[in-house]
Amino acid sequence: MAKIAVLLTPGFADWEYALIAGTGGPFYGLDVRFFAPVTGDVQSQGGLTALVSQDLDALAAWQPAAVVVVGGMIWETDQAPDISDLLKAQHARGAAVAGICGGTLALARAGLLNDLRHTSNDPDFLTRNAATYAGSAHYVSSPCAVSADRVITAPGTAPASFTAEVFAAVGFAQEAVAQFKAMMAAEHA
C-alpha cells in the first residue's frame, strides 16, 4: 500500500486535498496520513478544525511515497513555515513532492521548480511570493497539474488533475488514473 503524506498549515484550502484523502484511502487502498509543522488544531479556510497529531519529524520517519503540500493563504505571508529541507530530502530519497496553489510556493522556495516544467496559480504568483524562485523559464501556463521528475504542481483550481498526478506518482496503473480522471470529468461532459 502506497503512503501519501498530506501537509496541512493554518488556513489550508479544504478542496485541494479532498480527493486524495476522500478517494485515496477508501477506494484505492492508499495509506493517507496528515502532518503539520505544529501539531494540534489546524483550521481550514472553510472553518473546519482538524486535529493533526503528527509533525514533520514523524513525516520524515514515515517515508511516504508522496508528500502533498496543501495550499492556503499562509504560504503568501511571512508566517509560512520553512519546509525546504524536508521537501528536498524527501525528493532526494525518491518520494514525489506535490504542491497545489499556495503549496507551490513551498516547492519554489525549496528550489525544486528551478529546473523542471511546473505550473501554479499564475507566473507572477511564484516570482512575487518566493524570493529564491529561479524557474520562470520552465513555467507552463496550464489549467491542469503538471508533473516532471516526481515534482507535481497545480493551480488551486485543479484538484482533480492534481490528485490524478499524485496517484500516478505513487504507482497507479495508467488505466486506473484514466478511470479516475474520467470519473471526475463526467459531470462536465
# chains A, B, ... in the order shown; residues from 1 in each chain; ligands from 1
>>> residues_around(residues="A:Arg117", least_positions_apart="6", cutoff="8 Å", atoms="only C-alpha atoms", output="PyMOL selection string")
chain A and resi 138-140+146-148
>>> write_last_selection(atoms="N, CA and C atoms", output="mmCIF file, in the first residue's frame")
data_model
loop_
_atom_site.group_PDB
_atom_site.id
_atom_site.type_symbol
_atom_site.label_atom_id
_atom_site.label_comp_id
_atom_site.auth_asym_id
_atom_site.auth_seq_id
_atom_site.Cartn_x
_atom_site.Cartn_y
_atom_site.Cartn_z
ATOM 1 N N HIS A 138 10.871 27.777 -16.976
ATOM 2 C CA HIS A 138 10.249 26.454 -17.061
ATOM 3 C C HIS A 138 8.763 26.477 -16.690
ATOM 4 N N TYR A 139 8.230 27.661 -16.438
ATOM 5 C CA TYR A 139 6.822 27.784 -16.064
ATOM 6 C C TYR A 139 5.922 27.472 -17.255
ATOM 7 N N VAL A 140 4.868 26.705 -17.012
ATOM 8 C CA VAL A 140 3.889 26.349 -18.026
ATOM 9 C C VAL A 140 2.524 26.872 -17.564
ATOM 10 N N VAL A 146 0.819 19.737 -13.557
ATOM 11 C CA VAL A 146 1.997 19.438 -14.367
ATOM 12 C C VAL A 146 2.931 18.589 -13.511
ATOM 13 N N SER A 147 3.486 17.539 -14.116
ATOM 14 C CA SER A 147 4.389 16.647 -13.393
ATOM 15 C C SER A 147 5.690 16.491 -14.162
ATOM 16 N N ALA A 148 6.807 16.583 -13.435
ATOM 17 C CA ALA A 148 8.132 16.385 -14.039
ATOM 18 C C ALA A 148 9.085 15.885 -12.963
#
>>> select_by_dssp(residues="stretch 72-149 of chain A", states="alpha helix (DSSP H)", output="list in words")
Ser84, Asp85, Leu86, Leu87, Lys88, Ala89, Gln90, His91, Ala92, Gly103, Thr104, Leu105, Ala106, Leu107, Ala108, Arg109, Pro123, Asp124, Phe125, Leu126, Thr127, Arg128 and Asn129 of chain A
>>> write_last_selection(atoms="N, CA and C atoms", output="PDB file, in the first residue's frame")
ATOM      1  N   SER A  84      11.648  23.709   3.334  1.00  0.00           N
ATOM      2  CA  SER A  84      12.547  23.446   2.210  1.00  0.00           C
ATOM      3  C   SER A  84      13.399  22.202   2.420  1.00  0.00           C
ATOM      4  N   ASP A  85      14.026  22.087   3.579  1.00  0.00           N
ATOM      5  CA  ASP A  85      14.895  20.931   3.836  1.00  0.00           C
ATOM      6  C   ASP A  85      14.115  19.627   3.780  1.00  0.00           C
ATOM      7  N   LEU A  86      12.921  19.620   4.346  1.00  0.00           N
ATOM      8  CA  LEU A  86      12.081  18.425   4.317  1.00  0.00           C
ATOM      9  C   LEU A  86      11.743  18.034   2.879  1.00  0.00           C
ATOM     10  N   LEU A  87      11.306  19.003   2.079  1.00  0.00           N
ATOM     11  CA  LEU A  87      10.918  18.710   0.702  1.00  0.00           C
ATOM     12  C   LEU A  87      12.104  18.216  -0.125  1.00  0.00           C
ATOM     13  N   LYS A  88      13.245  18.872   0.016  1.00  0.00           N
ATOM     14  CA  LYS A  88      14.439  18.442  -0.730  1.00  0.00           C
ATOM     15  C   LYS A  88      14.865  17.039  -0.316  1.00  0.00           C
ATOM     16  N   ALA A  89      14.822  16.752   0.978  1.00  0.00           N
ATOM     17  CA  ALA A  89      15.233  15.427   1.463  1.00  0.00           C
ATOM     18  C   ALA A  89      14.277  14.345   0.982  1.00  0.00           C
ATOM     19  N   GLN A  90      12.984  14.631   1.010  1.00  0.00           N
ATOM     20  CA  GLN A  90      12.008  13.636   0.555  1.00  0.00           C
ATOM     21  C   GLN A  90      12.171  13.371  -0.939  1.00  0.00           C
ATOM     22  N   HIS A  91      12.365  14.421  -1.725  1.00  0.00           N
ATOM     23  CA  HIS A  91      12.565  14.246  -3.160  1.00  0.00           C
ATOM     24  C   HIS A  91      13.864  13.488  -3.436  1.00  0.00           C
ATOM     25  N   ALA A  92      14.927  13.829  -2.708  1.00  0.00           N
ATOM     26  CA  ALA A  92      16.222  13.177  -2.907  1.00  0.00           C
ATOM     27  C   ALA A  92      16.163  11.685  -2.607  1.00  0.00           C
ATOM     28  N   GLY A 103       0.739  25.958  -2.055  1.00  0.00           N
ATOM     29  CA  GLY A 103       1.729  24.918  -1.784  1.00  0.00           C
ATOM     30  C   GLY A 103       2.864  24.911  -2.784  1.00  0.00           C
ATOM     31  N   THR A 104       2.620  25.442  -4.001  1.00  0.00           N
ATOM     32  CA  THR A 104       3.696  25.528  -4.984  1.00  0.00           C
ATOM     33  C   THR A 104       4.782  26.496  -4.523  1.00  0.00           C
ATOM     34  N   LEU A 105       4.421  27.449  -3.681  1.00  0.00           N
ATOM     35  CA  LEU A 105       5.415  28.382  -3.151  1.00  0.00           C
ATOM     36  C   LEU A 105       6.440  27.662  -2.288  1.00  0.00           C
ATOM     37  N   ALA A 106       6.009  26.668  -1.518  1.00  0.00           N
ATOM     38  CA  ALA A 106       6.944  25.890  -0.699  1.00  0.00           C
ATOM     39  C   ALA A 106       7.928  25.145  -1.594  1.00  0.00           C
ATOM     40  N   LEU A 107       7.439  24.586  -2.710  1.00  0.00           N
ATOM     41  CA  LEU A 107       8.321  23.898  -3.649  1.00  0.00           C
ATOM     42  C   LEU A 107       9.284  24.881  -4.315  1.00  0.00           C
ATOM     43  N   ALA A 108       8.786  26.078  -4.661  1.00  0.00           N
ATOM     44  CA  ALA A 108       9.640  27.099  -5.274  1.00  0.00           C
ATOM     45  C   ALA A 108      10.728  27.543  -4.302  1.00  0.00           C
ATOM     46  N   ARG A 109      10.369  27.758  -3.048  1.00  0.00           N
ATOM     47  CA  ARG A 109      11.356  28.186  -2.047  1.00  0.00           C
ATOM     48  C   ARG A 109      12.407  27.116  -1.796  1.00  0.00           C
ATOM     49  N   PRO A 123       2.117  32.900 -13.456  1.00  0.00           N
ATOM     50  CA  PRO A 123       3.581  33.029 -13.393  1.00  0.00           C
ATOM     51  C   PRO A 123       4.062  34.040 -12.353  1.00  0.00           C
ATOM     52  N   ASP A 124       3.346  35.140 -12.198  1.00  0.00           N
ATOM     53  CA  ASP A 124       3.764  36.162 -11.240  1.00  0.00           C
ATOM     54  C   ASP A 124       3.578  35.727  -9.788  1.00  0.00           C
ATOM     55  N   PHE A 125       2.683  34.785  -9.550  1.00  0.00           N
ATOM     56  CA  PHE A 125       2.432  34.302  -8.195  1.00  0.00           C
ATOM     57  C   PHE A 125       3.717  33.770  -7.572  1.00  0.00           C
ATOM     58  N   LEU A 126       4.490  33.019  -8.341  1.00  0.00           N
ATOM     59  CA  LEU A 126       5.734  32.445  -7.827  1.00  0.00           C
ATOM     60  C   LEU A 126       6.808  33.513  -7.652  1.00  0.00           C
ATOM     61  N   THR A 127       7.018  34.362  -8.642  1.00  0.00           N
ATOM     62  CA  THR A 127       8.068  35.380  -8.529  1.00  0.00           C
ATOM     63  C   THR A 127       7.745  36.411  -7.447  1.00  0.00           C
ATOM     64  N   ARG A 128       6.485  36.713  -7.269  1.00  0.00           N
ATOM     65  CA  ARG A 128       6.055  37.694  -6.267  1.00  0.00           C
ATOM     66  C   ARG A 128       6.198  37.168  -4.842  1.00  0.00           C
ATOM     67  N   ASN A 129       6.017  35.861  -4.649  1.00  0.00           N
ATOM     68  CA  ASN A 129       5.938  35.308  -3.295  1.00  0.00           C
ATOM     69  C   ASN A 129       7.072  34.372  -2.888  1.00  0.00           C
TER      70      ASN A 129
END
>>> closest_atom_pairs(of="stretch 89-119 of chain A", to="stretch 160-166 of chain A", cutoff="12 Å", atoms="only C-alpha atoms", output="Markdown table")
| residue | atom | partner | partner_atom | distance |
| --- | --- | --- | --- | --- |
| A:Ala95 | CA | A:Val166 | CA | 10.8 |
| A:Ala96 | CA | A:Val166 | CA | 7.7 |
| A:Val97 | CA | A:Val166 | CA | 8.7 |
| A:Ala98 | CA | A:Val166 | CA | 7.2 |
| A:Gly99 | CA | A:Phe162 | CA | 8.6 |
| A:Ile100 | CA | A:Phe162 | CA | 7.3 |
| A:Cys101 | CA | A:Phe162 | CA | 10.3 |
| A:Gly103 | CA | A:Phe162 | CA | 11.9 |
| A:Thr104 | CA | A:Phe162 | CA | 11.8 |
| A:Thr119 | CA | A:Phe162 | CA | 11.1 |
>>> write_last_selection(atoms="C-alpha atoms", output="mmCIF file, in the first residue's frame")
data_model
loop_
_atom_site.group_PDB
_atom_site.id
_atom_site.type_symbol
_atom_site.label_atom_id
_atom_site.label_comp_id
_atom_site.auth_asym_id
_atom_site.auth_seq_id
_atom_site.Cartn_x
_atom_site.Cartn_y
_atom_site.Cartn_z
ATOM 1 C CA ALA A 95 9.443 10.474 -2.990
ATOM 2 C CA ALA A 96 7.168 12.540 -5.194
ATOM 3 C CA VAL A 97 6.716 16.089 -3.908
ATOM 4 C CA ALA A 98 3.473 17.830 -4.828
ATOM 5 C CA GLY A 99 2.220 21.367 -4.287
ATOM 6 C CA ILE A 100 -1.091 22.911 -5.246
ATOM 7 C CA CYS A 101 -1.931 26.622 -5.251
ATOM 8 C CA GLY A 103 1.729 24.918 -1.784
ATOM 9 C CA THR A 104 3.696 25.528 -4.984
ATOM 10 C CA THR A 119 2.757 25.448 -13.041
#
>>> residues_around(residues="A:Gly47", least_positions_apart="4", cutoff="9 Å", atoms="only C-alpha atoms", output="list of chain:residue names")
A:Gly11, A:Asp14, A:Gln43
>>> closest_residue(among="A:Ala173, A:Met184, A:Ile20, A:Leu7", to="A:Ala50", atoms="only C-alpha atoms")
A:Leu7
>>> select_by_dssp(residues="stretch 44-93 of chain A", states="strand (DSSP E or B)", output="list in words")
Ser44, Thr49, Ala50, Leu51, Val52, Ala66, Val67, Val68, Val69 and Gly72 of chain A
>>> write_last_selection(atoms="C-alpha atoms", output="PDB file, in the first residue's frame")
ATOM      1  CA  SER A  44      -9.038  25.349   7.274  1.00  0.00           C
ATOM      2  CA  THR A  49     -10.859  22.281  12.537  1.00  0.00           C
ATOM      3  CA  ALA A  50      -8.600  19.271  12.092  1.00  0.00           C
ATOM      4  CA  LEU A  51      -6.646  17.749  14.958  1.00  0.00           C
ATOM      5  CA  VAL A  52      -3.241  16.883  13.483  1.00  0.00           C
ATOM      6  CA  ALA A  66       4.474  11.225  -1.913  1.00  0.00           C
ATOM      7  CA  VAL A  67       4.387  14.438   0.119  1.00  0.00           C
ATOM      8  CA  VAL A  68       1.470  16.743  -0.703  1.00  0.00           C
ATOM      9  CA  VAL A  69       1.694  20.402   0.300  1.00  0.00           C
ATOM     10  CA  GLY A  72      -3.690  28.246   1.714  1.00  0.00           C
TER      11      GLY A  72
END
>>> residues_around(residues="A:Pro155", least_positions_apart="5", cutoff="8 Å", atoms="only C-alpha atoms", output="number ranges by chain")
A: 100-101, 119-122, 142-145
>>> atom_distance(atom1="atom CA of A:Gln79", atom2="atom CA of A:Leu19")
26.7 Å
>>> residues_around(residues="A:Gly22", least_positions_apart="6", cutoff="12 Å", atoms="only C-alpha atoms", output="number ranges by chain")
A: 14-16, 28-33, 160, 163
>>> closest_residue(among="A:Ala169, A:Ala178, A:Ala134, A:Val70", to="A:Ala154", atoms="only C-alpha atoms")
A:Val70
